[in-house]
$ cat data09.pdb   # PDB, C-alpha atoms
ATOM      1  CA  MET P1136      11.483  27.296  -3.189
ATOM      2  CA  LYS P1137       8.020  27.636  -4.715
ATOM      3  CA  GLU P1138       5.620  30.173  -3.221
ATOM      4  CA  SER P1139       2.727  27.723  -3.192
ATOM      5  CA  LEU P1140       1.901  24.109  -3.980
ATOM      6  CA  THR P1141      -1.434  22.379  -4.563
ATOM      7  CA  THR P1142      -2.310  18.735  -5.049
ATOM      8  CA  LYS P1143      -5.080  16.215  -4.478
ATOM      9  CA  TRP P1144      -4.767  12.465  -3.882
ATOM     10  CA  GLN P1145      -7.030   9.620  -2.968
ATOM     11  CA  ALA P1146      -5.891   6.561  -1.044
ATOM     12  CA  PRO P1147      -7.857   3.462  -0.064
ATOM     13  CA  SER P1148      -8.281   1.697   3.207
ATOM     14  CA  ASN P1149      -6.962  -1.849   3.506
ATOM     15  CA  ILE P1150      -8.064  -4.956   5.326
ATOM     16  CA  ALA P1151      -5.417  -7.000   7.110
ATOM     17  CA  LEU P1152      -5.489 -10.769   6.692
ATOM     18  CA  VAL P1153      -2.656 -11.451   9.132
ATOM     19  CA  LYS P1154      -3.160  -8.758  11.762
ATOM     20  CA  TYR P1155      -0.653  -6.260  13.128
ATOM     21  CA  TRP P1156      -1.435  -5.798  16.820
ATOM     22  CA  GLY P1157       1.135  -4.325  19.150
ATOM     23  CA  LYS P1158       3.935  -1.888  18.391
ATOM     24  CA  HIS P1159       7.188  -0.507  19.744
ATOM     25  CA  GLY P1160       9.474   2.431  19.139
ATOM     26  CA  VAL P1161       8.099   4.995  16.704
ATOM     27  CA  GLN P1162       5.279   3.183  14.934
ATOM     28  CA  LEU P1163       7.174  -0.091  14.486
ATOM     29  CA  PRO P1164       5.127  -3.307  14.363
ATOM     30  CA  ALA P1165       5.486  -6.055  16.953
ATOM     31  CA  ASN P1166       4.723  -8.593  14.211
ATOM     32  CA  PRO P1167       4.477  -8.613  10.418
ATOM     33  CA  SER P1168       1.132  -8.304   8.645
ATOM     34  CA  ILE P1169      -0.317  -8.608   5.162
ATOM     35  CA  SER P1170      -3.415  -6.943   3.774
ATOM     36  CA  PHE P1171      -5.635  -6.623   0.740
ATOM     37  CA  THR P1172      -5.808  -3.078  -0.593
ATOM     38  CA  LEU P1173      -9.395  -1.920  -1.018
ATOM     39  CA  ASP P1174     -10.859   0.170  -3.811
ATOM     40  CA  ALA P1175     -14.151   1.932  -3.029
ATOM     41  CA  CYS P1176     -13.376   2.766   0.630
ATOM     42  CA  ARG P1177     -11.136   5.770   0.105
ATOM     43  CA  THR P1178     -10.028   9.054   1.591
ATOM     44  CA  ILE P1179      -9.749  11.993  -0.806
ATOM     45  CA  THR P1180      -7.388  14.699   0.406
ATOM     46  CA  SER P1181      -6.523  18.041  -1.141
ATOM     47  CA  VAL P1182      -3.654  20.119   0.223
ATOM     48  CA  HIS P1183      -2.654  23.691  -0.533
ATOM     49  CA  ALA P1184       0.757  24.716   0.842
ATOM     50  CA  ARG P1185       1.965  28.300   0.873
ATOM     51  CA  LYS P1186       5.283  29.707   2.026
ATOM     52  CA  GLY P1187       5.229  30.878   5.612
ATOM     53  CA  SER P1188       5.576  29.806   9.201
ATOM     54  CA  HIS P1189       4.916  26.081   9.464
ATOM     55  CA  SER P1190       1.461  25.184  10.685
ATOM     56  CA  PHE P1191      -1.727  23.747   9.228
ATOM     57  CA  SER P1192      -5.509  23.827   9.150
ATOM     58  CA  ILE P1193      -7.611  20.691   8.819
ATOM     59  CA  ARG P1194     -11.109  20.376   7.394
ATOM     60  CA  TYR P1195     -13.264  17.292   6.992
ATOM     61  CA  GLU P1196     -15.858  17.621   4.233
ATOM     62  CA  GLY P1197     -15.261  21.366   4.311
ATOM     63  CA  VAL P1198     -15.837  21.739   8.064
ATOM     64  CA  GLU P1199     -13.071  22.667  10.499
ATOM     65  CA  LYS P1200     -12.114  19.633  12.589
ATOM     66  CA  PRO P1201      -9.953  20.725  15.556
ATOM     67  CA  GLU P1202     -10.234  17.204  17.035
ATOM     68  CA  PHE P1203      -8.164  15.918  14.086
ATOM     69  CA  ALA P1204      -5.382  18.448  14.763
ATOM     70  CA  PRO P1205      -3.374  16.506  17.408
ATOM     71  CA  LYS P1206      -2.897  13.536  15.062
ATOM     72  CA  ILE P1207      -1.857  15.785  12.163
ATOM     73  CA  LYS P1208       0.470  17.778  14.421
ATOM     74  CA  ALA P1209       2.159  14.589  15.640
ATOM     75  CA  TYR P1210       2.510  13.423  12.033
ATOM     76  CA  PHE P1211       4.234  16.621  10.877
ATOM     77  CA  GLU P1212       6.556  16.517  13.892
ATOM     78  CA  ARG P1213       7.547  12.924  13.102
ATOM     79  CA  ILE P1214       8.232  13.535   9.398
ATOM     80  CA  SER P1215       9.988  16.922   9.740
ATOM     81  CA  SER P1216      13.482  15.424   9.926
ATOM     82  CA  TYR P1217      12.818  13.369   6.775
ATOM     83  CA  CYS P1218      11.118  16.240   4.909
ATOM     84  CA  PRO P1219      12.721  19.416   6.359
ATOM     85  CA  TRP P1220      11.197  21.546   3.587
ATOM     86  CA  ILE P1221       7.771  21.301   5.293
ATOM     87  CA  ASN P1222       9.004  23.756   7.928
ATOM     88  CA  ASN P1223       8.799  26.509   5.282
ATOM     89  CA  TYR P1224       5.092  25.998   4.503
ATOM     90  CA  TYR P1225       1.637  26.455   5.939
ATOM     91  CA  PHE P1226      -0.658  23.571   4.912
ATOM     92  CA  GLU P1227      -4.389  23.844   4.275
ATOM     93  CA  ILE P1228      -5.765  20.294   4.350
ATOM     94  CA  ASP P1229      -9.255  19.287   3.277
ATOM     95  CA  THR P1230     -10.253  15.641   3.431
ATOM     96  CA  GLN P1231     -13.284  13.420   2.999
ATOM     97  CA  ASN P1232     -14.086   9.715   3.112
ATOM     98  CA  THR P1233     -16.288   7.573   0.909
ATOM     99  CA  PHE P1234     -17.209   5.539   4.016
ATOM    100  CA  PRO P1235     -18.147   6.261   7.656
ATOM    101  CA  HIS P1236     -15.295   7.811   9.635
ATOM    102  CA  SER P1237     -14.017   5.965  12.752
ATOM    103  CA  SER P1238     -16.235   2.923  12.265
ATOM    104  CA  GLY P1239     -13.590   0.230  12.069
ATOM    105  CA  ILE P1240     -12.833   0.541   8.343
ATOM    106  CA  ALA P1241      -9.330   1.877   8.972
ATOM    107  CA  SER P1242     -10.041   5.514   8.140
ATOM    108  CA  SER P1243      -6.719   6.499   9.725
ATOM    109  CA  ALA P1244      -4.954   4.218   7.235
ATOM    110  CA  SER P1245      -6.548   5.796   4.175
ATOM    111  CA  SER P1246      -6.354   9.358   5.517
ATOM    112  CA  MET P1247      -2.675   9.237   6.486
ATOM    113  CA  ALA P1248      -1.821   7.434   3.242
ATOM    114  CA  ALA P1249      -3.569  10.151   1.228
ATOM    115  CA  LEU P1250      -1.840  12.936   3.168
ATOM    116  CA  SER P1251       1.555  11.247   2.740
ATOM    117  CA  ALA P1252       0.932  10.950  -0.990
ATOM    118  CA  CYS P1253       0.288  14.703  -1.102
ATOM    119  CA  VAL P1254       3.474  15.424   0.884
ATOM    120  CA  MET P1255       5.585  13.249  -1.405
ATOM    121  CA  ASP P1256       3.975  14.801  -4.481
ATOM    122  CA  PHE P1257       5.098  18.203  -3.191
ATOM    123  CA  GLU P1258       8.584  16.854  -2.492
ATOM    124  CA  SER P1259       8.790  15.450  -6.009
ATOM    125  CA  THR P1260       7.811  18.853  -7.411
ATOM    126  CA  LEU P1261      10.412  20.675  -5.289
ATOM    127  CA  THR P1262      13.287  18.273  -5.970
ATOM    128  CA  GLY P1263      12.466  17.187  -9.503
ATOM    129  CA  ASN P1264      12.799  13.543  -8.447
ATOM    130  CA  ALA P1265      10.326  10.797  -9.249
ATOM    131  CA  LEU P1266       7.775   9.818  -6.616
ATOM    132  CA  ASP P1267       9.403   7.551  -4.030
ATOM    133  CA  TYR P1268       6.717   5.076  -2.938
ATOM    134  CA  HIS P1269       8.929   3.480  -0.293
ATOM    135  CA  LYS P1270       9.392   6.869   1.354
ATOM    136  CA  MET P1271       5.680   7.580   0.904
ATOM    137  CA  SER P1272       4.892   4.360   2.779
ATOM    138  CA  PHE P1273       7.551   5.217   5.381
ATOM    139  CA  LEU P1274       5.941   8.614   6.042
ATOM    140  CA  ALA P1275       2.436   7.139   6.137
ATOM    141  CA  ARG P1276       3.566   4.669   8.804
ATOM    142  CA  LEU P1277       4.580   7.584  11.015
ATOM    143  CA  GLY P1278       0.995   8.830  10.883
ATOM    144  CA  SER P1279      -0.758   5.474  11.253
ATOM    145  CA  GLY P1280       0.967   2.105  11.136
ATOM    146  CA  SER P1281      -1.495   0.397   8.805
ATOM    147  CA  ALA P1282      -1.423   3.406   6.447
ATOM    148  CA  CYS P1283       1.860   2.110   5.019
ATOM    149  CA  ARG P1284      -0.147  -0.753   3.451
ATOM    150  CA  SER P1285      -2.511   1.558   1.517
ATOM    151  CA  LEU P1286      -0.269   3.100  -1.122
ATOM    152  CA  GLN P1287       0.810   0.650  -3.802
ATOM    153  CA  GLY P1288      -0.162  -2.917  -4.653
ATOM    154  CA  GLU P1289      -3.142  -5.259  -4.350
ATOM    155  CA  ALA P1290      -1.573  -7.136  -1.431
ATOM    156  CA  VAL P1291       0.940  -5.402   0.847
ATOM    157  CA  LEU P1292       3.209  -6.881   3.512
ATOM    158  CA  TRP P1293       4.571  -4.789   6.356
ATOM    159  CA  GLY P1294       7.069  -5.903   8.971
ATOM    160  CA  GLU P1295      10.243  -7.957   9.003
ATOM    161  CA  HIS P1296       9.494 -11.544   8.054
ATOM    162  CA  ASN P1297      12.144 -14.204   7.586
ATOM    163  CA  ASP P1298      10.326 -15.787   4.641
ATOM    164  CA  THR P1299       9.926 -12.517   2.709
ATOM    165  CA  ASP P1300      12.891 -10.919   0.948
ATOM    166  CA  GLY P1301      12.946  -7.140   1.296
ATOM    167  CA  SER P1302      10.440  -7.046   4.143
ATOM    168  CA  SER P1303      10.868  -4.135   6.526
ATOM    169  CA  ASN P1304       9.415  -2.661   9.690
ATOM    170  CA  LEU P1305       9.817   0.766   8.099
ATOM    171  CA  TYR P1306       7.421   0.509   5.134
ATOM    172  CA  GLY P1307       5.093  -1.820   3.292
ATOM    173  CA  ILE P1308       6.142  -3.817   0.236
ATOM    174  CA  ASP P1309       3.993  -4.795  -2.740
ATOM    175  CA  GLN P1310       3.199  -8.502  -2.798
ATOM    176  CA  SER P1311       0.766  -8.459  -5.722
ATOM    177  CA  GLU P1312       2.846 -11.005  -7.602
ATOM    178  CA  LEU P1313       1.830 -13.549  -4.957
ATOM    179  CA  LEU P1314      -1.804 -13.545  -5.973
ATOM    180  CA  HIS P1315      -3.124 -16.580  -7.785
ATOM    181  CA  PRO P1316      -5.833 -15.657 -10.344
ATOM    182  CA  VAL P1317      -8.558 -16.795  -7.926
ATOM    183  CA  PHE P1318      -7.600 -13.921  -5.597
ATOM    184  CA  GLN P1319      -7.541 -11.280  -8.311
ATOM    185  CA  HIS P1320     -10.730  -9.150  -8.296
ATOM    186  CA  PHE P1321     -11.472 -10.620  -4.854
ATOM    187  CA  GLN P1322     -14.561  -9.039  -3.276
ATOM    188  CA  ASP P1323     -14.902  -7.440   0.160
ATOM    189  CA  THR P1324     -18.432  -6.642   1.279
ATOM    190  CA  ILE P1325     -18.347  -4.687   4.539
ATOM    191  CA  LEU P1326     -21.360  -5.243   6.773
ATOM    192  CA  LEU P1327     -21.777  -2.132   8.911
ATOM    193  CA  VAL P1328     -23.003  -3.496  12.218
ATOM    194  CA  ASP P1329     -22.036  -0.298  14.035
ATOM    195  CA  LYS P1330     -21.248   2.972  12.244
ATOM    196  CA  GLY P1331     -20.442   4.872  15.437
ATOM    197  CA  GLU P1332     -17.098   5.792  16.931
ATOM    198  CA  LYS P1333     -14.895   2.855  17.897
ATOM    199  CA  VAL P1334     -15.059   1.874  21.569
ATOM    200  CA  VAL P1335     -11.271   1.555  21.746
ATOM    201  CA  SER P1336      -8.839   3.511  19.580
ATOM    202  CA  SER P1337      -6.223   1.538  17.701
ATOM    203  CA  THR P1338      -3.472   3.257  19.677
ATOM    204  CA  VAL P1339      -4.969   2.126  22.982
ATOM    205  CA  GLY P1340      -5.516  -1.359  21.586
ATOM    206  CA  HIS P1341      -1.913  -1.713  20.453
ATOM    207  CA  ASP P1342      -0.641  -0.508  23.832
ATOM    208  CA  LEU P1343      -2.604  -3.277  25.552
ATOM    209  CA  MET P1344      -0.202  -5.795  23.998
ATOM    210  CA  ASN P1345       2.562  -4.464  26.232
ATOM    211  CA  ASN P1346       2.972  -7.058  28.999
ATOM    212  CA  HIS P1347       0.032  -9.054  27.629
ATOM    213  CA  ALA P1348       0.145 -12.615  28.973
ATOM    214  CA  TYR P1349      -0.168 -14.097  25.469
ATOM    215  CA  ALA P1350       1.820 -11.501  23.493
ATOM    216  CA  ARG P1351       4.915 -13.596  22.775
ATOM    217  CA  ALA P1352       2.877 -16.565  21.531
ATOM    218  CA  ARG P1353       0.709 -14.245  19.433
ATOM    219  CA  PHE P1354       3.695 -12.631  17.716
ATOM    220  CA  GLU P1355       5.166 -16.057  16.897
ATOM    221  CA  GLN P1356       1.782 -17.195  15.583
ATOM    222  CA  ALA P1357       1.592 -14.176  13.263
ATOM    223  CA  HIS P1358       4.945 -15.050  11.671
ATOM    224  CA  GLU P1359       3.839 -18.661  11.120
ATOM    225  CA  ASN P1360       0.428 -17.654   9.791
ATOM    226  CA  LEU P1361       2.002 -15.190   7.377
ATOM    227  CA  THR P1362       4.260 -17.898   5.935
ATOM    228  CA  THR P1363       1.274 -20.221   5.523
ATOM    229  CA  LEU P1364      -0.984 -17.544   4.063
ATOM    230  CA  LYS P1365       1.592 -16.443   1.485
ATOM    231  CA  LYS P1366       1.759 -20.011   0.203
ATOM    232  CA  ALA P1367      -2.045 -20.165   0.031
ATOM    233  CA  LEU P1368      -2.250 -16.887  -1.894
ATOM    234  CA  LYS P1369       0.277 -18.144  -4.421
ATOM    235  CA  ALA P1370      -1.316 -21.591  -4.825
ATOM    236  CA  GLY P1371      -4.915 -20.390  -4.930
ATOM    237  CA  ASP P1372      -5.615 -22.475  -1.823
ATOM    238  CA  LEU P1373      -8.949 -21.043  -0.677
ATOM    239  CA  LYS P1374      -9.391 -23.557   2.138
ATOM    240  CA  THR P1375      -6.166 -22.511   3.855
ATOM    241  CA  PHE P1376      -6.849 -18.847   3.093
ATOM    242  CA  ILE P1377     -10.199 -19.100   4.897
ATOM    243  CA  LYS P1378      -8.699 -20.957   7.853
ATOM    244  CA  ILE P1379      -5.913 -18.439   8.451
ATOM    245  CA  THR P1380      -7.996 -15.323   7.731
ATOM    246  CA  GLU P1381     -10.823 -16.232  10.088
ATOM    247  CA  SER P1382      -8.448 -17.459  12.787
ATOM    248  CA  GLU P1383      -6.494 -14.201  12.634
ATOM    249  CA  ALA P1384      -9.686 -12.163  13.006
ATOM    250  CA  LEU P1385     -10.798 -14.106  16.062
ATOM    251  CA  THR P1386      -7.304 -13.999  17.565
ATOM    252  CA  LEU P1387      -7.260 -10.193  17.313
ATOM    253  CA  HIS P1388     -10.473 -10.016  19.328
ATOM    254  CA  ALA P1389      -9.248 -12.690  21.736
ATOM    255  CA  MET P1390      -6.232 -10.500  22.501
ATOM    256  CA  MET P1391      -8.556  -7.628  23.366
ATOM    257  CA  MET P1392     -10.766  -9.827  25.544
ATOM    258  CA  THR P1393      -7.757 -11.114  27.510
ATOM    259  CA  SER P1394      -5.954  -7.802  28.002
ATOM    260  CA  HIS P1395      -6.027  -5.561  31.079
ATOM    261  CA  PRO P1396      -8.293  -3.677  30.862
ATOM    262  CA  TYR P1397     -10.321  -5.999  28.647
ATOM    263  CA  PHE P1398     -12.793  -5.121  25.910
ATOM    264  CA  ILE P1399     -15.410  -6.883  23.821
ATOM    265  CA  LEU P1400     -15.506  -5.119  20.458
ATOM    266  CA  MET P1401     -17.924  -7.452  18.698
ATOM    267  CA  LYS P1402     -21.667  -6.901  18.972
ATOM    268  CA  PRO P1403     -24.355  -9.612  19.114
ATOM    269  CA  ASN P1404     -25.090  -8.954  15.445
ATOM    270  CA  THR P1405     -21.400  -9.528  14.614
ATOM    271  CA  LEU P1406     -21.671 -13.049  16.002
ATOM    272  CA  SER P1407     -24.967 -13.649  14.205
ATOM    273  CA  ILE P1408     -23.373 -12.699  10.889
ATOM    274  CA  ILE P1409     -20.384 -14.984  11.500
ATOM    275  CA  GLU P1410     -22.667 -17.917  12.260
ATOM    276  CA  GLU P1411     -24.725 -17.230   9.121
ATOM    277  CA  ILE P1412     -21.546 -17.151   7.011
ATOM    278  CA  TRP P1413     -20.382 -20.455   8.475
ATOM    279  CA  ALA P1414     -23.758 -22.089   7.827
ATOM    280  CA  PHE P1415     -23.909 -20.737   4.265
ATOM    281  CA  ARG P1416     -20.389 -21.974   3.488
ATOM    282  CA  LYS P1417     -21.154 -25.422   4.896
ATOM    283  CA  ASN P1418     -24.410 -25.749   2.967
ATOM    284  CA  THR P1419     -23.250 -24.368  -0.389
ATOM    285  CA  ASP P1420     -19.458 -24.856  -0.529
ATOM    286  CA  VAL P1421     -19.191 -21.214  -1.630
ATOM    287  CA  PRO P1422     -15.728 -20.098  -0.387
ATOM    288  CA  VAL P1423     -16.830 -16.979   1.466
ATOM    289  CA  CYS P1424     -15.172 -16.064   4.757
ATOM    290  CA  PHE P1425     -15.039 -13.200   7.200
ATOM    291  CA  THR P1426     -12.451 -11.021   8.812
ATOM    292  CA  LEU P1427     -12.716  -8.251  11.389
ATOM    293  CA  ASP P1428     -10.799  -5.147  12.313
ATOM    294  CA  ALA P1429     -10.835  -3.723  15.831
ATOM    295  CA  GLY P1430     -14.574  -3.152  15.812
ATOM    296  CA  ALA P1431     -17.961  -4.747  15.237
ATOM    297  CA  ASN P1432     -18.149  -4.581  11.435
ATOM    298  CA  VAL P1433     -17.683  -7.709   9.341
ATOM    299  CA  HIS P1434     -15.684  -7.933   6.112
ATOM    300  CA  MET P1435     -16.912 -10.742   3.842
ATOM    301  CA  LEU P1436     -14.172 -11.927   1.471
ATOM    302  CA  TYR P1437     -14.917 -14.093  -1.570
ATOM    303  CA  PRO P1438     -14.013 -14.663  -5.253
ATOM    304  CA  SER P1439     -15.840 -12.422  -7.719
ATOM    305  CA  GLU P1440     -17.453 -15.417  -9.460
ATOM    306  CA  HIS P1441     -19.588 -15.976  -6.358
ATOM    307  CA  LYS P1442     -20.812 -12.391  -6.073
ATOM    308  CA  MET P1443     -24.385 -13.200  -7.112
ATOM    309  CA  SER P1444     -24.905 -15.926  -4.517
ATOM    310  CA  VAL P1445     -23.253 -13.856  -1.765
ATOM    311  CA  ASP P1446     -25.441 -10.874  -2.686
ATOM    312  CA  GLN P1447     -28.485 -13.106  -2.200
ATOM    313  CA  LEU P1448     -27.173 -14.212   1.200
ATOM    314  CA  ILE P1449     -26.744 -10.591   2.248
ATOM    315  CA  HIS P1450     -30.175  -9.560   0.978
ATOM    316  CA  ASN P1451     -31.991 -12.556   2.476
ATOM    317  CA  LYS P1452     -30.204 -12.994   5.820
ATOM    318  CA  LEU P1453     -27.406 -10.573   6.648
ATOM    319  CA  ALA P1454     -28.610  -7.031   5.885
ATOM    320  CA  LYS P1455     -31.006  -7.175   8.839
ATOM    321  CA  TYR P1456     -28.020  -7.368  11.191
ATOM    322  CA  CYS P1457     -26.506  -4.158   9.785
ATOM    323  CA  GLN P1458     -27.229  -0.692  11.102
ATOM    324  CA  ASN P1459     -30.017   0.640   8.875
ATOM    325  CA  SER P1460     -29.348  -2.406   6.607
ATOM    326  CA  HIS P1461     -26.214  -0.591   5.415
ATOM    327  CA  TYR P1462     -23.301  -2.399   3.816
ATOM    328  CA  ILE P1463     -20.538  -1.447   1.374
ATOM    329  CA  CYS P1464     -19.572  -3.483  -1.671
ATOM    330  CA  ASP P1465     -15.848  -3.246  -2.293
ATOM    331  CA  GLN P1466     -13.069  -5.228  -3.937
ATOM    332  CA  ILE P1467      -9.297  -5.393  -4.191
ATOM    333  CA  GLY P1468      -7.730  -2.175  -5.482
ATOM    334  CA  THR P1469      -4.240  -1.057  -6.385
ATOM    335  CA  GLY P1470      -3.442   1.850  -4.066
ATOM    336  CA  ALA P1471      -3.203   5.648  -4.053
ATOM    337  CA  LYS P1472      -3.936   7.767  -7.103
ATOM    338  CA  LYS P1473      -3.586  11.423  -7.944
ATOM    339  CA  CYS P1474      -6.931  13.077  -8.589
TER     340      CYS P1474
END
$ encode --input "data09.pdb" --output "structure tokens"
Amino acid sequence: MKESLTTKWQAPSNIALVKYWGKHGVQLPANPSISFTLDACRTITSVHARKGSHSFSIRYEGVEKPEFAPKIKAYFERISSYCPWINNYYFEIDTQNTFPHSSGIASSASSMAALSACVMDFESTLTGNALDYHKMSFLARLGSGSACRSLQGEAVLWGEHNDTDGSSNLYGIDQSELLHPVFQHFQDTILLVDKGEKVVSSTVGHDLMNNHAYARARFEQAHENLTTLKKALKAGDLKTFIKITESEALTLHAMMMTSHPYFILMKPNTLSIIEEIWAFRKNTDVPVCFTLDAGANVHMLYPSEHKMSVDQLIHNKLAKYCQNSHYICDQIGTGAKKC
């Protein structure tokens, strides 16, 4: 057993196309999902582990963050039976994001993916075995469900799906081979309508699907949409991609608006941006579409060849709807990397 271990990893956020909403058991999804892995929106995490009584400290950008401790504590408790060696170490964790924390850009996904990469790097060092990305994804899921989609691959599917061999509720699987050339180097410009804390945490949102009047129909719809979207990704069918992606985004928010209690997570500027995107697409035939996470920010998805015209749209009409005119230009990435 080594006296100390040190490593540093970065892991990206991801943006779901078919949304996971609702869970059961220990971080198991109520329906399958598929996402694009991002590139610029990342969490960078360094961990120093030294032999001793198991505990941890957590810093964000060098500042102690006791409010992060309950989530980290729950994570270590969940993974301890799968990584019993952690009980022999004290972990000093320091993390930072390249994007606003808790603003609907899935910071929990990137942060728990980065931490899981560090844990598995340590395990690889201790055992002499190669990095196990399936186990890395498995551990990340125990910290944050969507984190399992942030570790390896340009497109990642999570959840059992009849039309996908090897799919599992336990970890994400790389579906990069699905992507037609038109989806390679796909762009994601994130319009930051609201950079504040999310109104509703993802955990609370998922719990609202329990006994939801439309839950069963929604879960069936997700399976069907995933089958259709996979075909579109493989064929380069942008029209179907847009239809499914936008419908999924609106369905996610519809579930929140029809739950008990109910929430409206979009802001007026979110709706203004959506209407501008629809008008621009109709007038120009540029295949740009939107998706949303559980918040007010808008992800604009489009092929890289249209970046110039979309940039003009943002500059001329959309930036004014963003908080302090702030937006992030991102694109499809490949997953976690050691720093």
$ residues_around --input "data09.pdb" --residues "segment 1288-1300 of chain P" --least-positions-apart "5" --cutoff "9 Å" --atoms "only C-alpha atoms" --output "MDAnalysis selection string"
chainID P and resid 1155 1163:1173 1281 1283 1305:1314 1319 1358 1361:1362 1467:1470
$ atom_distance --input "data09.pdb" --atom1 "atom CA of Ala1265 of chain P" --atom2 "atom CA of Glu1212 of chain P"
24.1 Å
$ closest_residue --input "data09.pdb" --among "P:Cys1253, P:Ala1389, P:Gly1278, P:Ile1408" --to "Leu1266 of chain P" --atoms "all atoms listed in the file"
P:Cys1253
$ closest_residue --input "data09.pdb" --among "P:Pro1422, P:Pro1396, P:Pro1316, P:Gly1430" --to "Lys1330 of chain P" --atoms "all atoms listed in the file"
P:Gly1430
$ closest_residue --input "data09.pdb" --among "P:Ala1244, P:Ala1431, P:Ala1350, P:Val1254" --to "Gly1331 of chain P" --atoms "all atoms listed in the file"
P:Ala1431
$ axis_aligned_box --input "data09.pdb" --around "segment 1422-1431 of chain P" --padding-each-side "4 Å" --output "lines of an AutoDock Vina configuration file"
center_x = -14.4
center_y = -11.6
center_z = 7.7
size_x = 15.2
size_y = 24.9
size_z = 24.2
$ resolve_selection --input "data09.pdb" --expression "the PyMOL selection byres ((chain P and resi 1367-1375) around 6)" --output "PyMOL selection string"
chain P and resi 1313-1315+1317+1364-1366+1376-1378
$ resolve_selection --input "data09.pdb" --expression "the PyMOL selection byres ((chain P and resi 1204) around 12)" --output "list in words"
Ser1190, Phe1191, Ser1192, Ile1193, Arg1194, Tyr1195, Glu1199, Lys1200, Pro1201, Glu1202, Phe1203, Pro1205, Lys1206, Ile1207, Lys1208, Ala1209, Tyr1210, Phe1211, Glu1227 and Ile1228 of chain P
$ atom_distance --input "data09.pdb" --atom1 "atom CA of Glu1383 of chain P" --atom2 "atom CA of Met1344 of chain P"
15.5 Å
$ atom_distance --input "data09.pdb" --atom1 "atom CA of His1320 of chain P" --atom2 "atom CA of Tyr1268 of chain P"
23.1 Å
$ build_atoms --input "data09.pdb" --residues "segment 1181-1192 of chain P" --atoms "N, CA, C and O atoms" --output "tab-separated table (two decimals), in the frame of the given file"
chain	number	residue	atom	x	y	z
P	1181	SER	N	-7.15	16.95	-0.38
P	1181	SER	CA	-6.52	18.04	-1.14
P	1181	SER	C	-5.71	18.89	-0.17
P	1181	SER	O	-6.13	19.12	0.97
P	1182	VAL	N	-4.54	19.32	-0.62
P	1182	VAL	CA	-3.65	20.12	0.22
P	1182	VAL	C	-3.15	21.31	-0.58
P	1182	VAL	O	-2.70	21.16	-1.72
P	1183	HIS	N	-3.26	22.48	0.01
P	1183	HIS	CA	-2.65	23.69	-0.53
P	1183	HIS	C	-1.59	24.15	0.45
P	1183	HIS	O	-1.88	24.34	1.65
P	1184	ALA	N	-0.35	24.28	-0.01
P	1184	ALA	CA	0.76	24.72	0.84
P	1184	ALA	C	1.26	26.06	0.34
P	1184	ALA	O	1.46	26.24	-0.86
P	1185	ARG	N	1.42	26.99	1.25
P	1185	ARG	CA	1.96	28.30	0.87
P	1185	ARG	C	3.13	28.65	1.79
P	1185	ARG	O	3.15	28.26	2.96
P	1186	LYS	N	4.10	29.36	1.25
P	1186	LYS	CA	5.28	29.71	2.03
P	1186	LYS	C	4.89	30.52	3.25
P	1186	LYS	O	4.06	31.42	3.19
P	1187	GLY	N	5.52	30.17	4.37
P	1187	GLY	CA	5.23	30.88	5.61
P	1187	GLY	C	5.62	30.03	6.80
P	1187	GLY	O	6.20	28.95	6.66
P	1188	SER	N	5.28	30.53	7.98
P	1188	SER	CA	5.58	29.81	9.20
P	1188	SER	C	4.83	28.48	9.19
P	1188	SER	O	3.64	28.42	8.88
P	1189	HIS	N	5.53	27.41	9.55
P	1189	HIS	CA	4.92	26.08	9.46
P	1189	HIS	C	3.77	25.91	10.45
P	1189	HIS	O	3.93	26.09	11.67
P	1190	SER	N	2.62	25.58	9.90
P	1190	SER	CA	1.46	25.18	10.68
P	1190	SER	C	0.47	24.57	9.70
P	1190	SER	O	0.84	24.30	8.54
P	1191	PHE	N	-0.76	24.37	10.13
P	1191	PHE	CA	-1.73	23.75	9.23
P	1191	PHE	C	-3.14	24.03	9.71
P	1191	PHE	O	-3.39	24.38	10.87
P	1192	SER	N	-4.09	23.87	8.80
P	1192	SER	CA	-5.51	23.83	9.15
P	1192	SER	C	-6.05	22.52	8.59
P	1192	SER	O	-5.54	22.00	7.59
